[in-house]
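Text of entry.csv, listed as CSV, C-alpha atoms:
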chain,number,residue,atom,x,y,z
A,287,MET,CA,13.1,-29.4,-7.3
A,288,PRO,CA,14.2,-32.9,-6.6
A,289,ARG,CA,10.6,-34.3,-6.1
A,290,TYR,CA,9.7,-33.6,-9.7
A,291,LYS,CA,11.9,-35.3,-12.3
A,292,ARG,CA,9.5,-36.6,-15.0
A,293,GLN,CA,11.6,-36.4,-18.1
A,294,SER,CA,8.7,-36.0,-20.5
A,295,TYR,CA,7.7,-32.6,-19.0
A,296,GLN,CA,11.0,-30.8,-18.6
A,297,ASN,CA,10.0,-27.9,-20.8
A,298,VAL,CA,6.6,-27.0,-19.1
A,299,THR,CA,5.9,-23.3,-19.2
A,300,ARG,CA,3.4,-21.4,-17.1
A,301,SER,CA,1.9,-17.9,-17.4
A,302,TYR,CA,1.7,-15.5,-14.5
A,303,LEU,CA,-2.1,-16.1,-14.3
A,304,GLU,CA,-1.5,-19.8,-13.8
A,305,PHE,CA,0.9,-19.0,-10.9
A,306,VAL,CA,-1.9,-16.8,-9.4
A,307,ARG,CA,-4.4,-19.7,-9.8
A,308,LEU,CA,-2.0,-22.0,-8.0
A,309,ARG,CA,-1.5,-19.7,-5.1
A,310,GLU,CA,-5.3,-19.1,-4.7
A,311,HIS,CA,-5.9,-22.8,-4.8
A,312,LEU,CA,-3.2,-23.5,-2.1
A,313,ILE,CA,-4.6,-20.8,0.2
A,314,ALA,CA,-8.2,-22.2,-0.2
A,315,GLU,CA,-7.0,-25.8,0.4
A,316,HIS,CA,-4.5,-25.1,3.2
A,317,PRO,CA,-5.7,-22.0,5.1
A,318,GLU,CA,-3.6,-23.0,8.2
A,319,THR,CA,-0.4,-22.5,6.2
A,320,LEU,CA,1.5,-19.4,5.1
A,321,VAL,CA,1.5,-19.7,1.3
A,322,PRO,CA,4.5,-17.8,-0.2
A,323,VAL,CA,3.7,-14.6,-2.0
A,324,LEU,CA,4.2,-14.2,-5.7
A,325,PRO,CA,6.5,-11.4,-7.0
A,326,PRO,CA,4.6,-8.6,-8.8
A,327,GLU,CA,3.6,-9.1,-12.5
A,328,ARG,CA,5.6,-7.0,-15.0
A,329,SER,CA,5.4,-6.8,-18.8
A,330,LEU,CA,9.2,-7.2,-19.2
A,331,LEU,CA,10.8,-9.9,-17.1
A,332,SER,CA,14.4,-9.4,-15.8
A,333,ALA,CA,16.8,-12.1,-14.5
A,334,SER,CA,15.8,-11.1,-10.9
A,335,ASP,CA,12.1,-11.6,-11.7
A,336,VAL,CA,12.8,-15.1,-13.0
A,337,GLN,CA,14.8,-15.8,-9.9
A,338,SER,CA,11.9,-14.6,-7.7
A,339,MET,CA,9.5,-17.0,-9.4
A,340,ARG,CA,12.0,-19.8,-8.9
A,341,VAL,CA,12.2,-18.9,-5.2
A,342,PHE,CA,8.4,-19.0,-5.0
A,343,LEU,CA,8.2,-22.5,-6.4
A,344,GLU,CA,11.2,-23.8,-4.3
A,345,ARG,CA,9.6,-22.5,-1.1
A,346,ILE,CA,6.3,-24.3,-1.9
A,347,SER,CA,8.1,-27.5,-3.0
A,348,ARG,CA,10.0,-27.6,0.3
A,349,HIS,CA,6.9,-27.0,2.4
A,350,PRO,CA,5.8,-30.2,4.3
A,351,VAL,CA,2.1,-29.6,3.6
A,352,LEU,CA,2.0,-27.6,0.4
A,353,SER,CA,4.4,-29.9,-1.4
A,354,GLN,CA,2.0,-32.8,-1.0
A,355,ASP,CA,-0.8,-31.0,-2.8
A,356,ILE,CA,-1.9,-32.9,-6.0
A,357,GLU,CA,-2.6,-29.7,-7.9
A,358,LEU,CA,1.0,-28.5,-7.3
A,359,GLN,CA,2.3,-31.7,-8.8
A,360,MET,CA,0.0,-31.1,-11.8
A,361,PHE,CA,1.2,-27.5,-12.1
A,362,ILE,CA,4.8,-28.6,-12.2
A,363,GLU,CA,4.6,-31.8,-14.3
A,364,SER,CA,1.6,-31.5,-16.6
A,365,GLU,CA,2.1,-30.1,-20.1
A,366,PHE,CA,-1.5,-28.9,-20.2
A,367,GLY,CA,-2.9,-25.5,-19.1
A,368,PHE,CA,-3.3,-25.3,-15.3
A,369,LEU,CA,-6.8,-24.8,-14.0
A,370,PRO,CA,-7.5,-26.1,-10.5
A,371,PRO,CA,-11.0,-27.2,-9.4
A,372,ALA,CA,-13.6,-24.4,-9.7
A,373,LYS,CA,-15.0,-25.2,-6.2
A,374,PRO,CA,-12.2,-26.0,-3.7
A,375,LYS,CA,-13.1,-28.0,-0.7
A,376,ARG,CA,-14.5,-26.3,2.3
A,377,ILE,CA,-12.0,-25.2,4.9
A,378,LEU,CA,-13.1,-27.7,7.6
A,379,GLY,CA,-14.8,-30.1,5.2
A,380,LYS,CA,-17.8,-32.2,6.2
A,381,LEU,CA,-16.7,-32.1,9.8
A,382,LEU,CA,-17.4,-28.4,10.1
A,383,ASP,CA,-20.6,-28.7,8.1
A,384,ILE,CA,-22.0,-31.3,10.6
A,385,GLY,CA,-21.0,-29.2,13.5
A,386,VAL,CA,-22.6,-26.0,12.2
A,387,LYS,CA,-25.9,-27.8,11.4
A,388,ARG,CA,-26.0,-29.7,14.7
A,389,PHE,CA,-24.8,-27.0,17.1
A,390,SER,CA,-25.7,-23.8,15.3
A,391,SER,CA,-27.7,-22.7,18.3
A,392,SER,CA,-24.8,-22.9,20.7
A,393,GLY,CA,-22.3,-20.1,20.3
A,394,ALA,CA,-23.3,-19.3,16.7
A,395,GLY,CA,-21.7,-16.1,15.4
A,396,SER,CA,-19.3,-15.9,18.3
A,397,ALA,CA,-16.3,-17.5,16.7
A,398,MET,CA,-14.7,-14.2,15.5
A,399,SER,CA,-15.4,-12.3,18.7
A,400,LEU,CA,-13.6,-14.8,20.9
A,401,GLY,CA,-10.2,-13.7,22.2
A,402,ASP,CA,-7.1,-15.7,21.2
A,403,THR,CA,-5.9,-17.1,24.5
A,404,ASP,CA,-2.5,-18.1,23.1
A,405,ASP,CA,-0.1,-15.3,23.9
A,406,GLU,CA,2.3,-16.1,21.1
A,407,PHE,CA,-0.3,-16.0,18.4
A,408,GLU,CA,-2.0,-12.9,19.9
A,409,GLU,CA,1.4,-11.1,19.9
A,410,GLU,CA,1.9,-12.1,16.3
A,411,ARG,CA,-1.5,-10.8,15.4
A,412,VAL,CA,-0.8,-7.4,17.0
A,413,VAL,CA,2.6,-7.1,15.4
A,414,ALA,CA,1.1,-8.0,12.0
A,415,ALA,CA,-1.7,-5.4,12.3
A,416,LYS,CA,0.8,-2.7,13.2
A,417,LEU,CA,3.2,-3.7,10.5
A,418,GLU,CA,0.4,-3.7,7.9
A,419,THR,CA,-0.5,-0.1,8.9
A,420,LYS,CA,3.1,1.0,8.8
A,421,LEU,CA,3.7,-0.6,5.4
A,422,GLN,CA,0.7,1.2,3.9
A,423,GLY,CA,2.1,4.5,5.2
A,424,VAL,CA,5.5,3.8,3.8
A,425,ILE,CA,4.0,3.0,0.4
A,426,LYS,CA,2.2,6.3,0.4
A,427,CYS,CA,5.5,8.1,1.3
A,428,LEU,CA,7.3,6.3,-1.5
A,429,ASP,CA,4.6,7.4,-4.0
A,430,LYS,CA,5.3,11.0,-3.0
A,431,GLU,CA,9.0,10.5,-3.2
A,432,ILE,CA,8.7,9.0,-6.7
A,433,LYS,CA,6.5,11.9,-7.8
A,434,ALA,CA,9.1,14.4,-6.5
A,435,ARG,CA,11.9,12.6,-8.3
A,436,ARG,CA,9.9,12.5,-11.5
A,437,ASP,CA,9.3,16.2,-11.2
A,438,PHE,CA,13.0,16.8,-10.6
A,439,SER,CA,14.0,14.8,-13.6
A,440,SER,CA,11.6,16.7,-15.8
A,441,LYS,CA,13.1,20.0,-14.6
A,442,GLU,CA,16.6,18.7,-15.4
A,443,ALA,CA,15.4,17.8,-18.9
A,444,GLU,CA,13.9,21.3,-19.2
A,445,LEU,CA,17.2,22.9,-18.2
A,446,ALA,CA,19.0,20.8,-20.8
A,447,THR,CA,16.6,22.0,-23.5
A,448,ILE,CA,17.0,25.7,-22.4
A,449,SER,CA,20.8,25.3,-22.5
A,450,ASN,CA,20.6,23.9,-26.0
A,451,THR,CA,18.4,26.8,-27.0
A,452,TRP,CA,20.7,29.4,-25.5
A,453,ALA,CA,23.7,27.7,-27.2
A,454,ALA,CA,21.9,27.9,-30.6
A,455,ASN,CA,20.9,31.5,-30.2
A,456,GLU,CA,24.0,32.9,-28.4
A,457,SER,CA,26.1,35.3,-30.5
A,458,LEU,CA,29.2,35.0,-28.4
A,459,PRO,CA,31.0,31.7,-29.4
A,460,GLU,CA,32.5,31.2,-26.0
A,461,LEU,CA,29.1,31.4,-24.2
A,462,ALA,CA,27.5,29.2,-26.9
A,463,ARG,CA,30.1,26.5,-26.3
A,464,THR,CA,29.6,26.8,-22.5
A,465,PHE,CA,25.8,26.3,-22.8
A,466,LYS,CA,26.4,23.4,-25.2
A,467,LEU,CA,28.8,21.8,-22.7
A,468,LEU,CA,26.2,22.2,-19.9
A,469,ALA,CA,23.3,20.9,-21.9
A,470,LYS,CA,24.9,17.4,-22.5
A,471,PRO,CA,25.4,16.5,-18.8
A,472,LEU,CA,22.1,18.0,-17.8
A,473,ASP,CA,20.4,15.8,-20.4
A,474,GLY,CA,22.3,12.8,-19.3
A,475,MET,CA,21.5,13.4,-15.6
A,476,ALA,CA,17.8,13.9,-16.5
A,477,LYS,CA,17.7,10.5,-18.2
A,478,ALA,CA,19.5,8.9,-15.2
A,479,SER,CA,17.1,10.5,-12.8
A,480,LYS,CA,14.2,9.3,-14.8
A,481,ALA,CA,15.6,5.7,-14.8
A,482,GLN,CA,16.2,6.1,-11.1
A,483,VAL,CA,12.5,6.9,-10.5
A,484,GLY,CA,11.7,3.7,-12.3
A,485,GLY,CA,14.2,1.8,-10.2
A,486,ASP,CA,12.6,3.1,-7.0
A,487,ALA,CA,9.2,2.0,-8.2
A,488,THR,CA,10.5,-1.4,-9.5
A,489,VAL,CA,12.6,-2.4,-6.5
A,490,LEU,CA,11.3,-0.6,-3.5
A,491,GLY,CA,7.7,-0.3,-4.6
A,492,SER,CA,7.5,-3.9,-5.6
A,493,PHE,CA,9.2,-5.1,-2.4
A,494,LEU,CA,6.8,-3.0,-0.2
A,495,ASP,CA,3.8,-4.4,-2.0
A,496,TYR,CA,5.2,-7.9,-1.8
A,497,LYS,CA,5.9,-7.4,2.0
A,498,LEU,CA,2.4,-6.1,2.5
A,499,GLN,CA,0.9,-9.2,0.9
A,500,HIS,CA,3.2,-11.3,3.0
A,501,VAL,CA,1.9,-9.7,6.2
A,502,GLN,CA,-1.7,-10.0,5.0
A,503,THR,CA,-1.1,-13.7,4.4
A,504,LEU,CA,0.1,-14.1,8.0
A,505,SER,CA,-2.9,-12.1,9.3
A,506,GLY,CA,-5.3,-14.3,7.2
A,507,ALA,CA,-3.7,-17.5,8.7
A,508,LEU,CA,-4.0,-16.1,12.2
A,509,ASP,CA,-7.6,-15.2,11.6
A,510,TYR,CA,-8.3,-18.7,10.4
A,511,ARG,CA,-6.8,-20.2,13.5
A,512,LEU,CA,-8.9,-17.9,15.6
A,513,SER,CA,-12.0,-19.1,13.8
A,514,VAL,CA,-11.0,-22.7,14.5
A,515,VAL,CA,-10.5,-21.8,18.2
A,516,GLY,CA,-13.9,-20.3,18.2
A,517,GLU,CA,-15.5,-23.4,16.7
A,518,TYR,CA,-13.7,-25.5,19.3
A,519,GLU,CA,-14.9,-23.4,22.2
A,520,ALA,CA,-18.4,-23.5,20.7
A,521,ALA,CA,-18.1,-27.3,20.6
A,522,ILE,CA,-17.1,-27.4,24.3
A,523,LYS,CA,-20.1,-25.3,25.2
A,524,SER,CA,-22.4,-27.6,23.1
A,525,THR,CA,-21.0,-30.7,24.8
A,526,GLU,CA,-21.5,-29.2,28.2
A,527,SER,CA,-25.1,-28.3,27.3
A,528,LYS,CA,-25.8,-31.8,26.1
A,529,ARG,CA,-24.3,-33.2,29.3
A,530,LYS,CA,-26.6,-31.0,31.5
A,531,ILE,CA,-29.6,-32.2,29.6
A,532,MET,CA,-28.5,-35.8,30.4
A,533,GLU,CA,-28.2,-34.9,34.0
A,534,ARG,CA,-31.7,-33.4,34.1
A,535,LEU,CA,-33.1,-36.6,32.5
A,536,ARG,CA,-31.4,-38.7,35.1
A,537,SER,CA,-33.0,-36.7,37.9
A,538,SER,CA,-36.4,-36.8,36.3
A,539,THR,CA,-39.1,-39.0,37.8
A,540,ASN,CA,-40.8,-39.4,34.4
A,541,ILE,CA,-38.2,-40.6,31.9
A,542,ASN,CA,-39.1,-40.9,28.3
A,543,PRO,CA,-37.0,-43.7,26.7
A,544,GLU,CA,-37.0,-42.0,23.3
A,545,LYS,CA,-35.7,-38.7,24.8
A,546,VAL,CA,-33.0,-40.6,26.7
A,547,THR,CA,-31.8,-42.3,23.5
A,548,ASP,CA,-31.8,-39.0,21.6
A,549,SER,CA,-30.0,-37.3,24.4
A,550,ILE,CA,-27.3,-40.0,24.5
A,551,ASP,CA,-26.9,-39.8,20.7
A,552,ASP,CA,-26.6,-36.0,20.9
A,553,LEU,CA,-24.0,-36.2,23.7
A,554,GLU,CA,-21.9,-38.7,21.8
A,555,ASP,CA,-22.0,-36.6,18.6
A,556,ALA,CA,-21.1,-33.5,20.6
A,557,THR,CA,-18.3,-35.2,22.4
A,558,LEU,CA,-17.0,-36.6,19.1
A,559,PHE,CA,-17.2,-33.3,17.4
A,560,GLU,CA,-15.4,-31.6,20.3
A,561,GLY,CA,-12.6,-34.1,20.1
A,562,ASN,CA,-12.3,-33.6,16.3
A,563,MET,CA,-12.2,-29.8,16.7
A,564,ARG,CA,-9.6,-30.1,19.5
A,565,ARG,CA,-7.4,-32.1,17.2
A,566,ARG,CA,-8.0,-29.7,14.3
A,567,MET,CA,-7.1,-26.8,16.5
A,568,GLU,CA,-3.9,-28.5,17.6
A,569,GLN,CA,-3.0,-29.3,14.0
A,570,VAL,CA,-3.6,-25.8,12.8
A,571,SER,CA,-1.6,-24.3,15.7
A,572,SER,CA,1.3,-26.7,15.1
A,573,ALA,CA,1.4,-26.0,11.4
A,574,LEU,CA,1.2,-22.3,11.9
A,575,THR,CA,3.9,-22.3,14.5
A,576,LYS,CA,6.3,-24.0,12.1
A,577,ASP,CA,5.4,-21.8,9.2
A,578,MET,CA,6.0,-18.6,11.3
A,579,GLU,CA,9.5,-19.8,11.9
A,580,GLY,CA,10.1,-20.1,8.2
A,581,TYR,CA,8.2,-16.8,7.6
A,582,ARG,CA,10.8,-14.9,9.7
A,583,VAL,CA,13.7,-16.5,7.9
A,584,GLN,CA,12.1,-15.8,4.5
A,585,SER,CA,11.3,-12.2,5.4
A,586,GLN,CA,15.0,-11.6,6.2
A,587,GLU,CA,16.1,-13.2,3.0
A,588,ASP,CA,13.6,-11.1,1.0
A,589,LEU,CA,14.7,-7.9,2.7
A,590,LEU,CA,18.4,-8.5,2.1
A,591,ARG,CA,17.8,-9.4,-1.6
A,592,ALA,CA,15.7,-6.2,-2.1
A,593,LEU,CA,18.2,-4.0,-0.4
A,594,ARG,CA,21.0,-5.5,-2.4
A,595,GLN,CA,19.2,-4.9,-5.7
A,596,TYR,CA,18.2,-1.4,-4.7
A,597,SER,CA,21.8,-0.4,-3.5
A,598,GLN,CA,23.3,-1.7,-6.8
A,599,ARG,CA,20.8,0.2,-8.9
A,600,GLN,CA,21.3,3.4,-6.9
A,601,ILE,CA,25.1,3.2,-7.1
A,602,GLY,CA,24.8,2.7,-10.9
A,603,PHE,CA,22.6,5.7,-11.3
A,604,GLU,CA,24.8,8.0,-9.1
A,605,LYS,CA,27.9,6.8,-11.0
A,606,ALA,CA,26.2,7.8,-14.3
A,607,LYS,CA,25.4,11.2,-12.9
A,608,LEU,CA,28.9,11.7,-11.7
A,609,GLU,CA,30.3,10.8,-15.1
A,610,GLU,CA,28.1,13.3,-16.7
A,611,LEU,CA,29.4,16.0,-14.4
A,612,LEU,CA,33.0,15.0,-14.9
A,613,SER,CA,32.4,15.3,-18.7
A,614,VAL,CA,31.9,19.0,-18.2
A,615,GLY,CA,35.4,19.4,-16.8
A,616,ALA,CA,36.8,17.2,-19.6
A,617,GLY,CA,35.1,19.3,-22.2
A,618,LEU,CA,36.4,22.5,-20.8
A,619,LYS,CA,40.0,21.1,-20.8
A,620,ALA,CA,39.6,20.0,-24.4
A,621,ASP,CA,38.3,23.4,-25.5
A,622,PRO,CA,41.2,25.6,-26.7
A,623,ASP,CA,39.3,28.8,-26.3
A,624,HIS,CA,38.6,28.0,-22.6
A,625,GLN,CA,42.2,27.1,-22.1
A,626,GLU,CA,43.3,30.5,-23.5
A,627,SER,CA,40.7,32.3,-21.4
A,628,GLY,CA,42.0,30.5,-18.3
A,629,ALA,CA,45.6,31.3,-19.3
A,630,VAL,CA,44.7,35.0,-19.6
A,631,ILE,CA,43.0,35.1,-16.3
A,632,SER,CA,45.8,33.3,-14.5
A,633,SER,CA,48.3,35.7,-16.0

Starting from the file, lay out its structure as structure tokens.
Amino acid sequence: MPRYKRQSYQNVTRSYLEFVRLREHLIAEHPETLVPVLPPERSLLSASDVQSMRVFLERISRHPVLSQDIELQMFIESEFGFLPPAKPKRILGKLLDIGVKRFSSSGAGSAMSLGDTDDEFEEERVVAAKLETKLQGVIKCLDKEIKARRDFSSKEAELATISNTWAANESLPELARTFKLLAKPLDGMAKASKAQVGGDATVLGSFLDYKLQHVQTLSGALDYRLSVVGEYEAAIKSTESKRKIMERLRSSTNINPEKVTDSIDDLEDATLFEGNMRRRMEQVSSALTKDMEGYRVQSQEDLLRALRQYSQRQIGFEKAKLEELLSVGAGLKADPDHQESGAVISS
């Protein structure tokens, strides 16, 4: 990360909990952005897990908004434990506080019920909702598949135990050796199947959970934008209401100077708040549009990385099983009694 080169803090280490705190802080401080998702926590870290954490930090450090966060700089450069402020700033800050207090009677509670008029964001919202439902269904299917594989591996181990028992109790030497030869590959295949179950849970299960969090992050950012749109529309209604009050005062025959002054102040405040909310909405929409472009690219990168890891692991497991099966043939060839039996049969 080229922005952080302080020589005195080159060996800063962080716990997984500190990474979680950093991400929660970034989400609270920058709700209009798509904060990258952390890889799942595991007791034993592999090289791929370390690489995933590195990718997480690199994506944040390249982000035009998140990379400017002062807490991120402290996280990367400080040698002390990372603990962000206990009370992060409100999403819209003092601007929203003023607006809610002053205009709570106009459009209050309607922000989340307002429709998103932007087709692109509305389409993303629908797709994200459908994808979240599908991912939850796939995760349930994977859990069933893992359970079935675990049961299968236990049956393989049971067969290996039975074969060893038969080999020990068999009175005919040839059958005893046959059971012994079968027990070894069955035991090896059972161990490979058990490891394969762990591989499915580690690679596929972790990726699906990761992807689900990714989609939920997108949905949260879209919901936040919709709330800002709702606040902006409420501000428009409030300004229009203040303007109508001014028009009624102008047409009144009995004008109270104090009411006129208050009405002018209210209209100016409402107009100012509406302009600020409009700029805020444009800022959020622009930031989210840029982030969604990166989100699509990152989703493809993550999918390809997960498929590559899963394929490599599956190939390794299947090779191990094949080698165990081939060992049966090799054992038979090396057994002189089987060779004699085969010669007798062939003659």

Near Pro370 of chain A, within 10 Å and counting only C-alpha atoms, which residues show up once chain neighbours fewer than 2 positions away are dropped, as a count of residues only? 16

12 Å contact set for Glu587 of chain A, all atoms listed in the file, chain neighbours under 5 positions out, as a PDB file with C-alpha atoms, in the frame of the given file:
ATOM      1  CA  SER A 338      11.900 -14.600  -7.700  1.00  0.00           C
ATOM      2  CA  VAL A 341      12.200 -18.900  -5.200  1.00  0.00           C
ATOM      3  CA  PHE A 493       9.200  -5.100  -2.400  1.00  0.00           C
ATOM      4  CA  LYS A 497       5.900  -7.400   2.000  1.00  0.00           C
ATOM      5  CA  GLY A 580      10.100 -20.100   8.200  1.00  0.00           C
ATOM      6  CA  TYR A 581       8.200 -16.800   7.600  1.00  0.00           C
ATOM      7  CA  ARG A 582      10.800 -14.900   9.700  1.00  0.00           C
ATOM      8  CA  ALA A 592      15.700  -6.200  -2.100  1.00  0.00           C
ATOM      9  CA  LEU A 593      18.200  -4.000  -0.400  1.00  0.00           C
ATOM     10  CA  ARG A 594      21.000  -5.500  -2.400  1.00  0.00           C
TER      11      ARG A 594
END

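Computed from the coordinates, the atom CA of Gln598 of chain A to atom CA of Asp486 of chain A distance equals 11.7 Å.
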
What's the 10 Å shell around Arg435 of chain A, counting only C-alpha atoms, without same-chain residues fewer than 6 positions away, as a PyMOL selection string? chain A and resi 429+441+479-480+482-484+486

Find the spatial neighbours of Pro325 of chain A, counting all atoms listed in the file, within a cut-off of 8 Å - ignore same-chain residues fewer than 5 positions away - and output them as a list in words. Asp335, Ser338, Met339, Ser492 and Tyr496 of chain A

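The nearest approach to Gln499 of chain A among the residues A:Leu352, A:Arg345, A:Pro471, A:Glu418, with all atoms listed in the file taken into account, belongs to A:Glu418.
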
Separation of atom CA of Asn540 of chain A from atom CA of Asp552 of chain A, in Å and rounded to one decimal: 19.9 Å

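Proximity of A:Glu406, A:Asp473, A:Glu560, A:Glu604 to Ala443 of chain A, computed with all atoms listed in the file, is greatest for A:Asp473.
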
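Between atom CA of Glu456 of chain A and atom CA of Ala478 of chain A the interatomic distance comes to 27.8 Å.
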
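Distances from A:Ile425, A:Leu494, A:Ala314, A:Leu461 to Ser449 of chain A were compared using all atoms listed in the file, and the smallest one belongs to A:Leu461.
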
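Proximity to Thr464 of chain A was assessed for A:Gly423, A:Gly602, A:Gly615, A:Gly506 counting all atoms listed in the file; the smallest distance is recorded for A:Gly615.
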
Can you tell me which residues surround Leu508 of chain A at a distance of at most 9 Å, considering only C-alpha atoms, apart from same-chain residues fewer than 6 positions away, and format the answer as a compact mmCIF listing (two decimals) with C-alpha atoms, in the frame of the given file?
# COMPACT_ATOMS: atom_id res chain seq x y z
CA GLU A 318 -3.60 -23.00 8.20
CA PHE A 407 -0.30 -16.00 18.40
CA GLU A 408 -2.00 -12.90 19.90
CA GLU A 410 1.90 -12.10 16.30
CA ARG A 411 -1.50 -10.80 15.40
CA LEU A 574 1.20 -22.30 11.90

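With all atoms listed in the file as the atoms that count, the residue of A:His349, A:Arg564, A:Lys466, A:Lys420 with the shortest distance to Lys576 of chain A is A:His349.
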
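Restricting the calculation to all atoms listed in the file, the smallest distance between Val501 of chain A and any of A:Ser585, A:Gln595, A:Thr299, A:Ser439 is found for A:Ser585.
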
Using all atoms listed in the file, collect all residues at a distance of at most 12 Å from (-3.1, -23.7, 13.7) as written in the file, then present them as a tab-separated table (two decimals) with C-alpha atoms, keeping the file's coordinate frame.
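Result saved to selection-v4.tsv:
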chain	number	residue	atom	x	y	z
A	316	HIS	CA	-4.50	-25.10	3.20
A	317	PRO	CA	-5.70	-22.00	5.10
A	318	GLU	CA	-3.60	-23.00	8.20
A	319	THR	CA	-0.40	-22.50	6.20
A	320	LEU	CA	1.50	-19.40	5.10
A	402	ASP	CA	-7.10	-15.70	21.20
A	404	ASP	CA	-2.50	-18.10	23.10
A	406	GLU	CA	2.30	-16.10	21.10
A	407	PHE	CA	-0.30	-16.00	18.40
A	504	LEU	CA	0.10	-14.10	8.00
A	506	GLY	CA	-5.30	-14.30	7.20
A	507	ALA	CA	-3.70	-17.50	8.70
A	508	LEU	CA	-4.00	-16.10	12.20
A	509	ASP	CA	-7.60	-15.20	11.60
A	510	TYR	CA	-8.30	-18.70	10.40
A	511	ARG	CA	-6.80	-20.20	13.50
A	512	LEU	CA	-8.90	-17.90	15.60
A	513	SER	CA	-12.00	-19.10	13.80
A	514	VAL	CA	-11.00	-22.70	14.50
A	515	VAL	CA	-10.50	-21.80	18.20
A	563	MET	CA	-12.20	-29.80	16.70
A	564	ARG	CA	-9.60	-30.10	19.50
A	565	ARG	CA	-7.40	-32.10	17.20
A	566	ARG	CA	-8.00	-29.70	14.30
A	567	MET	CA	-7.10	-26.80	16.50
A	568	GLU	CA	-3.90	-28.50	17.60
A	569	GLN	CA	-3.00	-29.30	14.00
A	570	VAL	CA	-3.60	-25.80	12.80
A	571	SER	CA	-1.60	-24.30	15.70
A	572	SER	CA	1.30	-26.70	15.10
A	573	ALA	CA	1.40	-26.00	11.40
A	574	LEU	CA	1.20	-22.30	11.90
A	575	THR	CA	3.90	-22.30	14.50
A	576	LYS	CA	6.30	-24.00	12.10
A	577	ASP	CA	5.40	-21.80	9.20
A	578	MET	CA	6.00	-18.60	11.30
